[in-house]
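Below is one structure; the comments refer to it alone.
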Amino acid sequence: MLLTLWSGSTFAAEQNQCSTLKDERDSLASQAMVAEIDLGRKYREQICPGLARQAEQANANEGSSGIINYEALIDCRKKAEARLKKNNKLLYRNLLGFTFYTPKGASLARQADQKSTEMGNIRCP
């Protein structure tokens, strides 16, 4: 019975640790993505400022800011991504394959990957 109680408390502690690591990983990954999204937004604003503003407004207002030319928006995004890749060094590719060009995003993504590795080491679900 003592072994059962010890095993149960060990399991609960591991689950708590897994939950904490997951929360930390998710927070770091989210912050890393925000840094990259901001960089992409800057390039879109340079290439097609009016369309980028319209898309941002539509996103903020859940689509209530008029008709958007989606073909032009896709073209703008492709041009912005090409310019971003041309003008910025790839600093990190995370475990899921996402690319990071900002020092902040790369650092946060590395930390998130370390949390994922820790989770794997203790066999988190």
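Going through the structure tokens in order, the chains are called A, B, and so on, while each chain numbers its residues from 1 and the ligands are numbered from 1 in the order shown.
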Exercise. Write out as JSON, numbers by chain each polymer residue whose atoms come within 9 Å of stretch 114-119 of chain A, counting only C-alpha atoms; drop sequence neighbours fewer than 2 positions from it.
Key: {"A": [17, 18, 21, 22, 24, 25, 95, 109, 110, 111, 112, 121, 122, 123, 124, 125]}
Could you turn the residues from that selection into a file that holds C-alpha atoms, as a tab-separated table (two decimals), in the first residue's frame?
```
chain	number	residue	atom	x	y	z
A	17	GLN	CA	5.40	19.22	-13.87
A	18	CYS	CA	4.15	18.30	-17.36
A	21	LEU	CA	6.21	22.76	-18.78
A	22	LYS	CA	3.42	22.75	-21.38
A	24	GLU	CA	5.66	27.59	-20.29
A	25	ARG	CA	6.34	26.10	-23.73
A	95	LEU	CA	11.21	21.46	-33.90
A	109	ALA	CA	11.52	29.52	-29.99
A	110	ARG	CA	14.73	27.86	-28.73
A	111	GLN	CA	13.45	28.15	-25.18
A	112	ALA	CA	10.10	26.68	-26.21
A	121	ASN	CA	12.48	13.47	-21.18
A	122	ILE	CA	9.90	12.95	-18.46
A	123	ARG	CA	7.45	11.33	-20.90
A	124	CYS	CA	4.71	13.91	-20.76
A	125	PRO	CA	1.62	12.99	-22.78
```
Quiz item: A:Lys89: which residues within 12 Å, counting only C-alpha atoms, same-chain residues fewer than 2 positions away excluded, as an NGL selection string?
Solution: :A and (83-87 or 91-93 or 99-103 or 106)
Please, could you write that set of residues out with C-alpha atoms as a PDB file, in the first residue's frame?
```pdb
ATOM      1  CA  ARG A  83      11.706  40.148 -49.383  1.00  0.00           C
ATOM      2  CA  LEU A  84      11.827  39.102 -45.734  1.00  0.00           C
ATOM      3  CA  LYS A  85      13.789  35.945 -46.628  1.00  0.00           C
ATOM      4  CA  LYS A  86      16.118  37.910 -48.913  1.00  0.00           C
ATOM      5  CA  ASN A  87      16.869  40.649 -46.374  1.00  0.00           C
ATOM      6  CA  LEU A  91      18.294  32.460 -37.173  1.00  0.00           C
ATOM      7  CA  TYR A  92      16.407  29.367 -36.095  1.00  0.00           C
ATOM      8  CA  ARG A  93      14.072  26.638 -37.322  1.00  0.00           C
ATOM      9  CA  THR A  99      11.433  29.657 -39.322  1.00  0.00           C
ATOM     10  CA  PHE A 100      12.534  32.568 -37.162  1.00  0.00           C
ATOM     11  CA  TYR A 101      14.313  35.639 -38.468  1.00  0.00           C
ATOM     12  CA  THR A 102      14.175  37.939 -35.453  1.00  0.00           C
ATOM     13  CA  PRO A 103      16.635  37.517 -32.573  1.00  0.00           C
ATOM     14  CA  ALA A 106      14.604  32.783 -32.390  1.00  0.00           C
TER      15      ALA A 106
END
```
Exercise. Report as a PyMOL selection string: the residues of stretch 76-123 of chain A with a DSSP assignment of helix (DSSP H, G or I), based on the backbone of this structure.
Key: chain A and resi 76-87+103-121
Quiz item: Any idea what's packed within 12 Å of A:Glu71, counting only C-alpha atoms, ignoring anything in its chain fewer than 6 positions away? Could you give it as a ChimeraX atom specification?
Solution: /A:51,77-78
For all heavy atoms, I'd like the residues from the last selection saved as a PDB file, in the first residue's frame.
```pdb
ATOM      1  N   LEU A  51      -3.480  47.987 -48.785  1.00  0.00           N
ATOM      2  CA  LEU A  51      -4.064  46.656 -48.667  1.00  0.00           C
ATOM      3  C   LEU A  51      -3.742  46.030 -47.310  1.00  0.00           C
ATOM      4  O   LEU A  51      -4.599  45.394 -46.688  1.00  0.00           O
ATOM      5  CB  LEU A  51      -3.549  45.763 -49.801  1.00  0.00           C
ATOM      6  CG  LEU A  51      -4.209  44.415 -49.973  1.00  0.00           C
ATOM      7  CD1 LEU A  51      -5.710  44.551 -50.190  1.00  0.00           C
ATOM      8  CD2 LEU A  51      -3.573  43.679 -51.147  1.00  0.00           C
ATOM      9  N   ARG A  77       1.425  39.219 -49.748  1.00  0.00           N
ATOM     10  CA  ARG A  77       2.034  38.366 -48.725  1.00  0.00           C
ATOM     11  C   ARG A  77       3.215  37.582 -49.297  1.00  0.00           C
ATOM     12  O   ARG A  77       4.238  37.434 -48.645  1.00  0.00           O
ATOM     13  CB  ARG A  77       0.993  37.427 -48.127  1.00  0.00           C
ATOM     14  CG  ARG A  77      -0.031  38.154 -47.269  1.00  0.00           C
ATOM     15  CD  ARG A  77      -1.047  37.186 -46.709  1.00  0.00           C
ATOM     16  NE  ARG A  77      -0.411  36.332 -45.713  1.00  0.00           N
ATOM     17  CZ  ARG A  77      -0.561  36.471 -44.417  1.00  0.00           C
ATOM     18  NH1 ARG A  77      -1.333  37.426 -43.935  1.00  0.00           N
ATOM     19  NH2 ARG A  77       0.040  35.658 -43.589  1.00  0.00           N
ATOM     20  N   LYS A  78       3.063  37.074 -50.514  1.00  0.00           N
ATOM     21  CA  LYS A  78       4.152  36.327 -51.153  1.00  0.00           C
ATOM     22  C   LYS A  78       5.358  37.228 -51.395  1.00  0.00           C
ATOM     23  O   LYS A  78       6.498  36.822 -51.147  1.00  0.00           O
ATOM     24  CB  LYS A  78       3.688  35.707 -52.466  1.00  0.00           C
ATOM     25  CG  LYS A  78       2.769  34.526 -52.282  1.00  0.00           C
ATOM     26  CD  LYS A  78       2.311  33.970 -53.621  1.00  0.00           C
ATOM     27  CE  LYS A  78       1.372  32.799 -53.432  1.00  0.00           C
ATOM     28  NZ  LYS A  78       0.870  32.281 -54.727  1.00  0.00           N
TER      29      LYS A  78
END
```
Quiz item: Looking only at the backbone, which of the residues in stretch 3-124 of chain A does DSSP tag as strand (DSSP E or B), as a list of chain:residue names?
Solution: A:Tyr92, A:Arg93, A:Thr99, A:Phe100
Exercise. Within 10 Å of A:Gln46, counting only C-alpha atoms, which residues show up once you throw out same-chain ones fewer than 6 positions away? Write them as number ranges by chain, please.
Key: A: 52, 76, 80
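In this structure, atom CA of A:Leu73 sits 8.0 Å away from atom CA of A:Ala55.
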Quiz item: What is the atom CA of A:Ala58-atom CA of A:Ala82 distance in Å, reported with one decimal?
Solution: 24.0 Å
Quiz item: So which one's closest to A:Ala72, A:Asp23, A:Ala60, A:Cys48, A:Asn88? Using only C-alpha atoms, please.
Solution: A:Cys48
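Among the candidate residues A:Ala35, A:Ile74, A:Ile67, A:Ala29, the one lying nearest to A:Asn94 is A:Ala29, with distances computed using only C-alpha atoms.
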